[in-house]
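Trainee: File name data-v8.cif; file contents mmCIF, C-alpha atoms; full text below.
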```cif
data_model
loop_
_atom_site.group_PDB
_atom_site.id
_atom_site.type_symbol
_atom_site.label_atom_id
_atom_site.label_comp_id
_atom_site.auth_asym_id
_atom_site.auth_seq_id
_atom_site.Cartn_x
_atom_site.Cartn_y
_atom_site.Cartn_z
ATOM 1 C CA MET A 1 138.032 -35.510 70.496
ATOM 2 C CA PHE A 2 135.819 -32.417 70.300
ATOM 3 C CA SER A 3 137.286 -30.969 67.108
ATOM 4 C CA GLY A 4 134.485 -29.520 65.001
ATOM 5 C CA VAL A 5 131.861 -30.477 67.603
ATOM 6 C CA LYS A 6 129.083 -28.138 68.678
ATOM 7 C CA LEU A 7 127.772 -28.247 72.230
ATOM 8 C CA GLN A 8 124.466 -26.897 73.434
ATOM 9 C CA LYS A 9 124.180 -24.486 76.347
ATOM 10 C CA LEU A 10 121.409 -26.044 78.419
ATOM 11 C CA LYS A 11 119.997 -22.779 79.725
ATOM 12 C CA THR A 12 119.755 -21.000 76.364
ATOM 13 C CA GLY A 13 119.870 -23.723 73.710
ATOM 14 C CA GLU A 14 122.686 -21.822 71.968
ATOM 15 C CA LEU A 15 125.230 -23.962 70.100
ATOM 16 C CA VAL A 16 128.897 -23.232 70.829
ATOM 17 C CA ASP A 17 132.203 -24.550 69.529
ATOM 18 C CA ALA A 18 133.342 -27.272 71.935
ATOM 19 C CA GLU A 19 137.073 -26.622 71.769
ATOM 20 C CA THR A 20 136.582 -22.920 72.470
ATOM 21 C CA ALA A 21 134.094 -23.523 75.299
ATOM 22 C CA LEU A 22 136.270 -26.153 76.996
ATOM 23 C CA ALA A 23 139.722 -24.568 76.606
ATOM 24 C CA GLY A 24 141.588 -24.082 79.874
ATOM 25 C CA LYS A 25 138.917 -25.761 82.013
ATOM 26 C CA LYS A 26 138.412 -28.984 83.886
ATOM 27 C CA VAL A 27 135.989 -31.016 81.766
ATOM 28 C CA ALA A 28 133.625 -33.547 83.293
ATOM 29 C CA LEU A 29 131.541 -35.737 81.000
ATOM 30 C CA TYR A 30 128.287 -36.430 82.795
ATOM 31 C CA PHE A 31 126.501 -39.600 81.688
ATOM 32 C CA SER A 32 122.877 -39.659 82.851
ATOM 33 C CA ALA A 33 119.248 -39.941 81.760
ATOM 34 C CA SER A 34 115.798 -38.896 82.901
ATOM 35 C CA TRP A 35 114.779 -42.516 83.516
ATOM 36 C CA CYS A 36 117.705 -43.114 85.898
ATOM 37 C CA GLY A 37 116.528 -42.690 89.493
ATOM 38 C CA ASP A 38 120.090 -42.695 90.833
ATOM 39 C CA CYS A 39 120.965 -39.792 88.517
ATOM 40 C CA THR A 40 118.652 -37.246 90.137
ATOM 41 C CA PRO A 41 120.656 -36.705 93.356
ATOM 42 C CA ILE A 42 123.980 -36.679 91.492
ATOM 43 C CA THR A 43 122.610 -34.153 89.001
ATOM 44 C CA ALA A 44 121.733 -31.843 91.890
ATOM 45 C CA LYS A 45 125.128 -32.314 93.578
ATOM 46 C CA LEU A 46 126.978 -31.791 90.317
ATOM 47 C CA ALA A 47 125.003 -28.598 89.662
ATOM 48 C CA THR A 48 125.992 -27.325 93.114
ATOM 49 C CA LEU A 49 129.643 -28.289 92.545
ATOM 50 C CA HIS A 50 129.627 -26.591 89.136
ATOM 51 C CA GLU A 51 128.237 -23.407 90.671
ATOM 52 C CA MET A 52 130.690 -23.441 93.603
ATOM 53 C CA VAL A 53 133.800 -24.123 91.513
ATOM 54 C CA ASN A 54 132.833 -21.431 89.010
ATOM 55 C CA GLU A 55 131.925 -18.799 91.602
ATOM 56 C CA ASP A 56 135.031 -16.710 90.885
ATOM 57 C CA ASP A 57 136.371 -18.113 87.607
ATOM 58 C CA GLN A 58 134.880 -20.380 84.973
ATOM 59 C CA GLU A 59 137.175 -23.356 85.587
ATOM 60 C CA LEU A 60 134.858 -26.388 85.449
ATOM 61 C CA GLU A 61 132.722 -27.322 82.480
ATOM 62 C CA VAL A 62 130.274 -30.190 82.543
ATOM 63 C CA VAL A 63 129.283 -31.819 79.264
ATOM 64 C CA TRP A 64 126.099 -33.832 79.621
ATOM 65 C CA VAL A 65 126.009 -37.057 77.620
ATOM 66 C CA SER A 66 122.333 -37.923 77.730
ATOM 67 C CA ALA A 67 121.178 -41.535 77.524
ATOM 68 C CA ASP A 68 117.584 -40.431 77.058
ATOM 69 C CA GLU A 69 115.695 -42.271 74.365
ATOM 70 C CA SER A 70 113.803 -39.275 73.001
ATOM 71 C CA LYS A 71 114.592 -35.617 72.444
ATOM 72 C CA GLU A 72 111.500 -34.714 74.481
ATOM 73 C CA ASP A 73 112.772 -36.695 77.501
ATOM 74 C CA MET A 74 116.208 -35.124 77.169
ATOM 75 C CA ASP A 75 114.770 -31.603 76.899
ATOM 76 C CA SER A 76 112.516 -32.155 79.907
ATOM 77 C CA TYR A 77 115.331 -33.545 82.068
ATOM 78 C CA ALA A 78 117.683 -30.734 80.962
ATOM 79 C CA LYS A 79 115.608 -28.313 83.043
ATOM 80 C CA LYS A 80 116.912 -30.052 86.191
ATOM 81 C CA HIS A 81 120.553 -29.647 85.182
ATOM 82 C CA GLY A 82 122.987 -26.892 85.985
ATOM 83 C CA ALA A 83 124.129 -24.114 83.678
ATOM 84 C CA TRP A 84 126.377 -26.391 81.691
ATOM 85 C CA LEU A 85 126.780 -27.829 78.215
ATOM 86 C CA ALA A 86 125.336 -30.906 76.526
ATOM 87 C CA LEU A 87 125.827 -32.920 73.414
ATOM 88 C CA PRO A 88 122.820 -32.169 71.212
ATOM 89 C CA TYR A 89 120.356 -35.049 70.942
ATOM 90 C CA ASP A 90 121.353 -35.760 67.330
ATOM 91 C CA SER A 91 125.124 -35.748 68.011
ATOM 92 C CA PRO A 92 126.884 -39.021 67.106
ATOM 93 C CA LEU A 93 129.020 -38.553 70.227
ATOM 94 C CA ARG A 94 125.968 -39.426 72.373
ATOM 95 C CA SER A 95 126.519 -43.053 71.368
ATOM 96 C CA GLU A 96 130.281 -42.919 70.747
ATOM 97 C CA LEU A 97 131.291 -41.646 74.198
ATOM 98 C CA PRO A 98 129.424 -44.301 76.229
ATOM 99 C CA LYS A 99 131.123 -46.891 74.030
ATOM 100 C CA LYS A 100 134.560 -45.257 74.329
ATOM 101 C CA TYR A 101 134.442 -45.027 78.124
ATOM 102 C CA GLY A 102 132.237 -48.050 78.891
ATOM 103 C CA VAL A 103 129.730 -45.891 80.780
ATOM 104 C CA PHE A 104 126.084 -46.723 80.099
ATOM 105 C CA GLY A 105 122.973 -47.953 81.820
ATOM 106 C CA ALA A 106 122.214 -51.661 82.101
ATOM 107 C CA ARG A 107 119.241 -51.209 79.778
ATOM 108 C CA HIS A 108 121.672 -50.178 77.022
ATOM 109 C CA LYS A 109 124.030 -53.170 77.210
ATOM 110 C CA SER A 110 122.531 -54.522 73.993
ATOM 111 C CA LEU A 111 123.603 -51.341 72.175
ATOM 112 C CA TYR A 112 127.242 -52.043 73.017
ATOM 113 C CA PRO A 113 127.562 -55.864 72.944
ATOM 114 C CA ASP A 114 131.344 -55.841 72.435
ATOM 115 C CA VAL A 115 132.079 -53.155 75.022
ATOM 116 C CA GLU A 116 133.127 -53.823 78.597
ATOM 117 C CA ARG A 117 130.770 -51.897 80.845
ATOM 118 C CA LYS A 118 133.017 -50.163 83.366
ATOM 119 C CA SER A 119 130.306 -48.079 84.993
ATOM 120 C CA GLY A 120 126.610 -47.559 84.899
ATOM 121 C CA ILE A 121 124.925 -44.208 85.044
ATOM 122 C CA PRO A 122 125.221 -41.756 86.611
ATOM 123 C CA GLY A 123 128.833 -41.485 85.580
ATOM 124 C CA VAL A 124 131.274 -38.589 85.686
ATOM 125 C CA VAL A 125 134.473 -38.986 83.674
ATOM 126 C CA VAL A 126 137.004 -36.150 83.636
ATOM 127 C CA VAL A 127 138.942 -35.926 80.357
ATOM 128 C CA ASN A 128 141.558 -33.868 78.559
ATOM 129 C CA LYS A 129 141.217 -32.561 75.006
ATOM 130 C CA ASN A 130 142.512 -35.836 73.550
ATOM 131 C CA GLY A 131 139.833 -37.762 75.423
ATOM 132 C CA ASP A 132 142.314 -39.302 77.854
ATOM 133 C CA VAL A 133 140.780 -40.074 81.224
ATOM 134 C CA LEU A 134 142.064 -37.888 84.053
ATOM 135 C CA ASN A 135 139.556 -39.221 86.583
ATOM 136 C CA PHE A 136 137.102 -42.041 85.967
ATOM 137 C CA ASP A 137 135.187 -41.946 89.226
ATOM 138 C CA GLY A 138 133.900 -38.398 89.495
ATOM 139 C CA VAL A 139 130.637 -39.560 91.069
ATOM 140 C CA SER A 140 132.528 -40.987 94.042
ATOM 141 C CA ASP A 141 134.515 -37.743 94.365
ATOM 142 C CA ILE A 142 131.302 -35.706 94.339
ATOM 143 C CA GLU A 143 129.698 -37.873 97.007
ATOM 144 C CA LYS A 144 132.767 -38.006 99.284
ATOM 145 C CA LYS A 145 134.384 -34.598 98.783
ATOM 146 C CA HIS A 146 131.342 -32.466 97.941
ATOM 147 C CA GLY A 147 132.570 -28.941 97.076
ATOM 148 C CA ASP A 148 136.207 -30.058 96.926
ATOM 149 C CA ALA A 149 135.521 -32.837 94.419
ATOM 150 C CA ALA A 150 137.076 -31.068 91.423
ATOM 151 C CA GLU A 151 140.331 -30.103 93.154
ATOM 152 C CA GLY A 152 142.270 -33.124 91.874
ATOM 153 C CA TRP A 153 140.754 -33.083 88.398
ATOM 154 C CA GLY A 154 143.135 -32.078 85.613
ATOM 155 C CA LYS A 155 142.426 -29.567 82.852
ATOM 156 C CA PHE A 156 141.259 -30.075 79.292
ATOM 157 C CA ASP A 157 144.333 -28.528 77.615
#
```
In structure tokens, write the structure found in this file.
Mentor:
Amino acid sequence: MFSGVKLQKLKTGELVDAETALAGKKVALYFSASWCGDCTPITAKLATLHEMVNEDDQELEVVWVSADESKEDMDSYAKKHGAWLALPYDSPLRSELPKKYGVFGARHKSLYPDVERKSGIPGVVVVNKNGDVLNFDGVSDIEKKHGDAAEGWGKFD
């Protein structure tokens, strides 16, 4: 799924090879946008979870799939995120992944008319390297289990 894909480190802007950056880790795709009011508290909780889980070892990687409608909005909202990775604004995966997993905001239903919307945003979907879903409801885990949310999430490899 991420073969040949570059991801952006949110804190530095550096582009990294996705397969290398995600190898051996739990990978959570985080679907959100600056215009989504419900995303703000989940973004903060996910940042805390990411920091806690990675305190000793780097075992959880978050890949932000932004639904922002401009690069400026995405860049501005990125400042509120944790020290994780993102699909660059011009990546085709920014529109392919919401379609693949059925996770997108109500305002974007018209972009995916033939896709069953399984979840709105915020959405956290844990996947393996083939893109198979290991956990579809990461948001619920984060809200209910807090720092233990990632314990049952499988790894990318």
Trainee: Pick from A:Ile42, A:Met52, A:Leu60, A:Val65: nearest to Ser140 (chain A), with all atoms listed in the file counted?
Mentor: A:Ile42
Trainee: Give me the region 53-79 of chain A side of the contact with region 97-112 of chain A, cut-off 12 Å, one line per residue showing its nearest atom pair and distance in Å at one decimal, counting only C-alpha atoms, sorted by chain and residue number, as a tab-separated table.
Mentor:
```
residue	atom	partner	partner_atom	distance
A:Val63	CA	A:Leu97	CA	11.2
A:Trp64	CA	A:Leu97	CA	10.8
A:Val65	CA	A:Leu97	CA	7.8
A:Ser66	CA	A:Pro98	CA	9.7
A:Ala67	CA	A:Phe104	CA	7.6
A:Asp68	CA	A:Gly105	CA	10.4
A:Glu69	CA	A:His108	CA	10.3
```
Trainee: Could you write out the selected residues, including C-alpha atoms, as a short mmCIF file (atom, residue, chain, number, x, y, z; two decimals), in the frame of the given file?
Mentor:
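Wrote it out as part-v5.cif, contents follow:
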```cif
data_model
loop_
_atom_site.label_atom_id
_atom_site.label_comp_id
_atom_site.auth_asym_id
_atom_site.auth_seq_id
_atom_site.Cartn_x
_atom_site.Cartn_y
_atom_site.Cartn_z
CA VAL A 63 129.28 -31.82 79.26
CA TRP A 64 126.10 -33.83 79.62
CA VAL A 65 126.01 -37.06 77.62
CA SER A 66 122.33 -37.92 77.73
CA ALA A 67 121.18 -41.54 77.52
CA ASP A 68 117.58 -40.43 77.06
CA GLU A 69 115.70 -42.27 74.36
#
```
Trainee: Just give me the residues with any atom within 8 Å of (141.1, -32.2, 76.2), file coordinates, counting all atoms listed in the file, written as a ChimeraX atom specification.
Mentor: /A:1-2,22-23,27,127-132,155-157
Trainee: How many Å separate CA of Asp148 (chain A) from CA of Ala21 (chain A)?
Mentor: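 CA of Asp148 (chain A) sits 22.7 Å away from CA of Ala21 (chain A).
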Trainee: Tell me, as a PyMOL selection string, which residues lie within 12 Å of Ala150 (chain A), counting all atoms listed in the file; anything in the same chain fewer than 2 positions away does not count.
Mentor: chain A and resi 25-28+46+48-54+59-62+124-126+134-135+137-148+152-155
Trainee: For CA of His81 (chain A) and CA of Ala44 (chain A), determine how far apart the two atoms are, in Å to one decimal place.
Mentor: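 Result for CA of His81 (chain A) versus CA of Ala44 (chain A): 7.2 Å, one decimal.
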Trainee: Given the PyMOL selection byres ((chain A and resi 78) around 12) and the file above, list the residues it selects as a PyMOL selection string.
Mentor: chain A and resi 8-13+32-34+40+43-44+47+63-68+71-77+79-89
Trainee: Go through A:Glu19, A:Glu55, A:Glu14, A:Asp38 one by one, measure the shortest atom-to-atom distance of each to Pro122 (chain A) using all atoms listed in the file, and give the residue with the smallest value.
Mentor: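 Looking only at the distances to Pro122 (chain A), the closest residue turns out to be A:Asp38.
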Trainee: What is the CA of Gly4 (chain A) to CA of Asp17 (chain A) distance in Å?
Mentor: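 Answer for the CA of Gly4 (chain A) to CA of Asp17 (chain A) separation: 7.1 Å.
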Trainee: Considering all atoms listed in the file, can you say which of A:Asp114, A:Arg94, A:Cys36, A:Asp57 comes closest to Leu7 (chain A)?
Mentor: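 Selected residue with least distance to Leu7 (chain A): A:Arg94.
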Trainee: So that I can check the surroundings of Lys6 (chain A), please list as number ranges by chain every protein, DNA and RNA residue that reaches within 6 Å of it, counting all atoms listed in the file and ignoring chain neighbours fewer than 6 positions away.
Mentor: A: 15-18
